[in-house]
>>> print(open('structure_10.cif').read())   # mmCIF, C-alpha atoms and all ligand atoms
data_run
#
loop_
_atom_site.label_atom_id
_atom_site.label_comp_id
_atom_site.auth_asym_id
_atom_site.auth_seq_id
_atom_site.Cartn_x
_atom_site.Cartn_y
_atom_site.Cartn_z
CA MET M 1 1.98 18.03 -23.74
CA LYS M 2 4.69 15.99 -22.08
CA ARG M 3 5.21 12.59 -23.66
CA ILE M 4 5.53 9.66 -21.22
CA VAL M 5 6.87 6.20 -22.07
CA ILE M 6 6.30 3.47 -19.47
CA LEU M 7 8.44 0.32 -19.26
CA ILE M 8 6.97 -2.82 -17.70
CA SER M 9 7.83 -6.48 -17.29
CA GLY M 10 4.64 -7.93 -15.81
CA ARG M 11 1.19 -7.06 -14.59
CA GLY M 12 1.72 -3.32 -14.82
CA SER M 13 -0.57 -2.18 -12.03
CA ASN M 14 1.57 0.92 -11.43
CA MET M 15 1.44 1.69 -15.15
CA GLN M 16 -2.36 1.38 -15.04
CA ALA M 17 -2.57 3.73 -12.05
CA ILE M 18 -0.50 6.33 -13.93
CA VAL M 19 -2.51 6.00 -17.16
CA ARG M 20 -5.78 6.41 -15.25
CA ARG M 21 -4.66 9.41 -13.22
CA CYS M 22 -3.18 11.09 -16.29
CA ALA M 23 -6.58 10.93 -18.00
CA GLN M 24 -8.76 11.63 -14.94
CA ASP M 25 -6.80 14.62 -13.71
CA ALA M 26 -6.07 16.03 -17.18
CA TRP M 27 -2.33 16.20 -16.76
CA PRO M 28 -0.52 18.20 -19.43
CA ALA M 29 0.83 14.86 -20.56
CA GLN M 30 0.07 11.72 -22.46
CA VAL M 31 1.29 8.14 -22.05
CA VAL M 32 2.42 7.62 -25.63
CA ALA M 33 3.77 4.07 -25.35
CA VAL M 34 4.13 1.10 -23.05
CA ILE M 35 7.19 -1.00 -23.75
CA ALA M 36 7.81 -4.44 -22.25
CA ASN M 37 10.79 -6.77 -22.30
CA ARG M 38 8.48 -9.79 -22.44
CA HIS M 39 5.69 -10.66 -24.87
CA ASP M 40 3.66 -12.14 -22.01
CA ALA M 41 3.71 -9.00 -19.84
CA ALA M 42 0.08 -8.87 -18.73
CA GLY M 43 -0.02 -5.07 -18.66
CA LEU M 44 0.35 -4.85 -22.44
CA ALA M 45 -3.30 -5.81 -22.92
CA PHE M 46 -4.47 -2.92 -20.74
CA ALA M 47 -2.39 -0.48 -22.77
CA ARG M 48 -3.67 -1.86 -26.10
CA ASP M 49 -7.26 -1.63 -24.87
CA ARG M 50 -6.68 2.02 -24.10
CA GLY M 51 -5.29 2.67 -27.56
CA ILE M 52 -1.77 3.25 -26.27
CA ALA M 53 1.05 2.13 -28.55
CA THR M 54 2.88 -0.95 -27.29
CA ALA M 55 6.19 -2.53 -28.15
CA VAL M 56 8.17 -5.51 -26.94
CA VAL M 57 11.96 -5.49 -26.83
CA ASP M 58 12.73 -9.05 -25.75
CA HIS M 59 15.96 -9.24 -23.76
CA ARG M 60 16.37 -12.89 -24.76
CA ALA M 61 16.59 -11.89 -28.42
CA HIS M 62 19.75 -9.87 -27.78
CA ALA M 63 23.19 -11.36 -27.34
CA SER M 64 24.48 -8.83 -24.84
CA ARG M 65 23.22 -6.29 -22.36
CA GLU M 66 24.57 -3.52 -24.59
CA ALA M 67 22.65 -4.86 -27.60
CA PHE M 68 19.46 -5.01 -25.54
CA ASP M 69 20.03 -1.49 -24.18
CA ASP M 70 20.59 -0.20 -27.72
CA ALA M 71 17.38 -1.79 -29.02
CA LEU M 72 15.41 -0.55 -26.04
CA GLY M 73 16.91 2.93 -26.40
CA ALA M 74 15.89 3.02 -30.06
CA ALA M 75 12.32 1.97 -29.23
CA ILE M 76 12.16 4.69 -26.58
CA ASP M 77 13.71 7.38 -28.80
CA ALA M 78 11.15 6.63 -31.51
CA GLN M 79 8.52 7.97 -29.09
CA ARG M 80 10.43 11.22 -28.37
CA PRO M 81 9.57 11.03 -24.66
CA ASP M 82 10.01 13.75 -22.06
CA LEU M 83 9.83 11.17 -19.28
CA ILE M 84 10.57 7.45 -19.02
CA VAL M 85 8.78 5.63 -16.21
CA LEU M 86 10.07 2.26 -15.03
CA ALA M 87 7.09 0.45 -13.54
CA GLY M 88 8.02 -3.04 -12.45
CA PHE M 89 10.63 -3.21 -15.20
CA MET M 90 12.84 -6.09 -14.16
CA ARG M 91 15.97 -5.56 -16.25
CA ILE M 92 19.08 -3.80 -15.08
CA LEU M 93 19.97 -0.97 -17.45
CA GLY M 94 23.58 -0.17 -18.32
CA ALA M 95 25.32 3.02 -17.21
CA ALA M 96 25.46 4.47 -20.73
CA PHE M 97 21.71 3.92 -21.19
CA VAL M 98 20.92 5.53 -17.85
CA ARG M 99 23.14 8.54 -18.64
CA ARG M 100 21.25 9.16 -21.88
CA PHE M 101 18.04 9.65 -19.97
CA ASP M 102 19.56 11.42 -16.98
CA GLY M 103 17.04 13.51 -15.06
CA ARG M 104 14.06 12.19 -17.04
CA MET M 105 13.76 8.58 -15.90
CA LEU M 106 11.85 7.53 -12.77
CA ASN M 107 11.64 4.17 -10.99
CA ILE M 108 9.57 2.79 -8.13
CA HIS M 109 11.02 0.35 -5.65
CA PRO M 110 8.99 -1.43 -2.95
CA SER M 111 11.18 -0.54 0.02
CA LEU M 112 12.27 2.50 1.94
CA LEU M 113 15.45 3.13 0.00
CA PRO M 114 18.32 3.15 0.64
CA ALA M 115 17.25 0.04 2.60
CA PHE M 116 16.84 -3.15 0.59
CA PRO M 117 17.74 -2.31 -3.00
CA GLY M 118 17.44 -5.27 -5.37
CA LEU M 119 15.13 -8.26 -5.16
CA HIS M 120 12.98 -9.83 -2.40
CA THR M 121 12.53 -6.56 -0.54
CA HIS M 122 9.53 -7.66 1.54
CA ARG M 123 11.18 -10.93 2.59
CA ARG M 124 14.27 -9.02 3.64
CA ALA M 125 12.30 -6.35 5.52
CA LEU M 126 10.43 -9.07 7.43
CA ALA M 127 13.63 -11.01 8.16
CA ALA M 128 15.24 -7.83 9.49
CA GLY M 129 12.34 -7.30 11.89
CA CYS M 130 11.46 -3.92 10.39
CA LYS M 131 8.46 -2.24 12.00
CA VAL M 132 7.79 -0.09 8.96
CA SER M 133 8.23 -0.53 5.26
CA GLY M 134 7.10 1.35 2.20
CA ALA M 135 7.93 2.37 -1.33
CA THR M 136 10.23 4.88 -2.98
CA VAL M 137 9.95 6.79 -6.25
CA HIS M 138 13.36 8.00 -7.37
CA PHE M 139 15.23 9.33 -10.36
CA VAL M 140 17.25 6.58 -11.96
CA THR M 141 21.02 6.68 -11.76
CA ALA M 142 23.56 4.07 -12.80
CA ASP M 143 23.54 2.76 -9.23
CA LEU M 144 20.73 0.15 -9.01
CA ASP M 145 17.75 1.33 -6.92
CA HIS M 146 19.55 4.49 -5.85
CA GLY M 147 19.16 8.04 -7.08
CA PRO M 148 17.45 11.20 -5.87
CA ILE M 149 14.24 10.38 -3.99
CA VAL M 150 11.07 12.07 -5.23
CA MET M 151 8.53 10.56 -2.84
CA GLN M 152 8.20 7.79 -0.27
CA SER M 153 5.30 6.03 1.41
CA VAL M 154 5.47 4.33 4.75
CA VAL M 155 3.28 1.50 6.04
CA PRO M 156 3.41 -0.51 9.26
CA VAL M 157 4.73 -4.05 9.30
CA LEU M 158 2.07 -5.91 11.27
CA PRO M 159 2.40 -9.03 13.42
CA GLY M 160 1.57 -12.04 11.28
CA ASP M 161 2.57 -10.35 8.02
CA ASP M 162 4.05 -12.51 5.30
CA GLU M 163 5.60 -11.37 2.03
CA ASP M 164 2.22 -11.28 0.30
CA THR M 165 0.34 -9.26 2.89
CA LEU M 166 3.18 -6.77 3.22
CA ALA M 167 3.56 -6.52 -0.57
CA GLU M 168 -0.17 -5.81 -0.91
CA ARG M 169 -0.08 -3.05 1.71
CA VAL M 170 2.95 -1.44 0.08
CA LEU M 171 1.52 -1.79 -3.45
CA ALA M 172 -1.63 0.11 -2.49
CA THR M 173 0.62 3.05 -1.59
CA GLU M 174 2.70 2.65 -4.77
CA HIS M 175 -0.48 3.30 -6.75
CA ARG M 176 -0.78 6.65 -4.96
CA ILE M 177 2.79 7.92 -4.84
CA TYR M 178 3.87 6.95 -8.36
CA PRO M 179 1.11 8.88 -10.16
CA GLN M 180 1.75 11.79 -7.79
CA ALA M 181 5.47 11.85 -8.58
CA VAL M 182 4.85 11.60 -12.33
CA GLU M 183 2.29 14.38 -12.16
CA TRP M 184 4.78 16.64 -10.38
CA PHE M 185 7.34 15.88 -13.08
CA VAL M 186 5.04 16.65 -15.98
CA ARG M 187 3.81 19.83 -14.31
CA GLY M 188 7.43 20.93 -13.84
CA LEU M 189 7.22 20.90 -10.04
CA LEU M 190 10.38 18.90 -9.28
CA ARG M 191 13.84 20.34 -8.84
CA ILE M 192 16.87 18.12 -8.37
CA GLU M 193 19.48 19.73 -6.13
CA GLY M 194 22.40 17.33 -5.96
CA SER M 195 20.98 14.19 -4.38
CA ILE M 196 17.87 15.93 -3.04
CA VAL M 197 14.60 16.38 -4.96
CA ARG M 198 12.43 19.31 -3.98
CA GLN M 199 8.74 19.69 -4.80
CA THR M 200 8.76 23.35 -5.70
CA GLU M 201 5.34 24.07 -4.14
CA GLY M 202 6.37 22.42 -0.89
CA ALA M 203 3.88 19.56 -1.20
CA PRO M 204 4.60 16.64 1.16
CA GLN M 205 6.95 14.10 -0.40
CA LEU M 206 5.98 11.50 2.20
CA LEU M 207 2.73 9.54 2.25
CA ARG M 208 1.82 7.92 5.56
C1 LIG M 301 5.97 -3.19 -7.74
O1 LIG M 301 5.96 -3.63 -6.41
C2 LIG M 301 7.18 -2.33 -7.99
O2 LIG M 301 7.51 -1.54 -6.89
C3 LIG M 301 8.24 -3.35 -8.22
O3 LIG M 301 7.64 -4.38 -8.95
C4 LIG M 301 6.22 -4.36 -8.70
C5 LIG M 301 5.56 -4.14 -10.01
O4 LIG M 301 4.18 -4.26 -9.96
N1 LIG M 301 9.39 -2.76 -8.87
P1 LIG M 301 3.29 -3.82 -11.18
O5 LIG M 301 3.84 -4.52 -12.42
O6 LIG M 301 3.36 -2.33 -11.30
O7 LIG M 301 1.92 -4.31 -10.85
#
>>> encode(input="structure_10.cif", output="structure tokens")
Amino acid sequence: MKRIVILISGRGSNMQAIVRRCAQDAWPAQVVAVIANRHDAAGLAFARDRGIATAVVDHRAHASREAFDDALGAAIDAQRPDLIVLAGFMRILGAAFVRRFDGRMLNIHPSLLPAFPGLHTHRRALAAGCKVSGATVHFVTADLDHGPIVMQSVVPVLPGDDEDTLAERVLATEHRIYPQAVEWFVRGLLRIEGSIVRQTEGAPQLLR
């Protein structure tokens, strides 16, 4: 059984999608803990209700980024995870932290990376007049919102869209591609070749 730790900062809808799919599709894996950097992260309640261990490592309780990274790293290590899943985790992690979990930490970002890393992706996609947008699941590297791409989804940008309508359309696809990417990882179906990730069975790494 692969042990998965999920990190959240807020509502945790991607975390919920992964927990549900893990149980429904009998992955050879278990979500062993959900860790948040805020006590008020709404997703914690879902995890508790499911009997999943939860922990909070509050970034405001640590004097420096390094101190926070160390505390978070210790909380993660205590779970002996095979995979760390960042699901709406809104803290930037230091290079040393990222290196420790190299090749076993995934993130989802609500844009078609490498376009629009960072915040306010939907606002920026709309302002740029993009005709498509989407989401990206990628392995985490020290470079924020970069790293080998596991899977992407693409959705149209429709006339009249605002940030909320576009975010909602993209989020619905996040809930499909993130569980898929995590399932491939836990089933050992991903191979990283330099900056390219291959699904070893040739399954489509694009959802449209
Ligand atoms: C998602 O759009 C994710 O891509 C981004 O933050 C949002 C988190 O949503 N990083 P949730 O907490 O998973 O509901």
>>> residues_near_point(input="structure_10.cif", point="(17.3, 0.1, -27.6)", cutoff="12 Å", atoms="only C-alpha atoms", output="ChimeraX atom specification")
/M:35-37,55-59,62,64-79,93-94,96-98,100
>>> residues_near_ligand(input="structure_10.cif", ligand="ligand LIG 301 (chain M)", cutoff="10 Å", atoms="only C-alpha atoms and all ligand atoms", output="VMD selection string")
chain M and resid 7 to 18 41 to 43 86 to 90 107 to 111 118 to 122 134 to 137 145 167 to 168 170 to 175 178
>>> residues_around(input="structure_10.cif", residues="M:Arg169", least_positions_apart="5", cutoff="9 Å", atoms="all atoms listed in the file", output="list in words")
Gly134, Val155, Pro156 and Asp164 of chain M
>>> closest_residue(input="structure_10.cif", among="M:Ala203, M:Arg50, M:Ser195, M:Val157", to="M:Arg123", atoms="only C-alpha atoms")
M:Val157
>>> atom_distance(input="structure_10.cif", atom1="atom CA of M:Ala33", atom2="atom CA of M:Ala45")
12.4 Å
>>> atom_distance(input="structure_10.cif", atom1="atom CA of M:Ala181", atom2="atom CA of M:Gly51")
23.7 Å
>>> closest_residue(input="structure_10.cif", among="M:Leu112, M:Leu206, M:Ala128, M:Val182", to="M:Leu83", atoms="all atoms listed in the file")
M:Val182
>>> atom_distance(input="structure_10.cif", atom1="atom CA of M:Lys2", atom2="atom CA of M:Phe139")
17.1 Å
>>> closest_residue(input="structure_10.cif", among="M:Leu166, M:Ala125, M:Val186, M:Ala95", to="M:Leu144", atoms="only C-alpha atoms")
M:Ala95
>>> residues_around(input="structure_10.cif", residues="M:Ala47", least_positions_apart="5", cutoff="8 Å", atoms="all atoms listed in the file", output="PyMOL selection string")
chain M and resi 16+34+52-54
>>> closest_residue(input="structure_10.cif", among="M:His146, M:Arg176, M:Arg104, M:Arg3", to="M:Pro117", atoms="all atoms listed in the file")
M:His146
>>> closest_residue(input="structure_10.cif", among="M:Ala61, M:Val19, M:Leu44, M:Ile149", to="M:Ile196", atoms="all atoms listed in the file")
M:Ile149
>>> closest_residue(input="structure_10.cif", among="M:Gly194, M:Pro81, M:Gly129, M:Pro114", to="M:Pro159", atoms="all atoms listed in the file")
M:Gly129
>>> residues_around(input="structure_10.cif", residues="M:Leu190", least_positions_apart="4", cutoff="8 Å", atoms="all atoms listed in the file", output="number ranges by chain")
M: 150, 184-185, 197-200
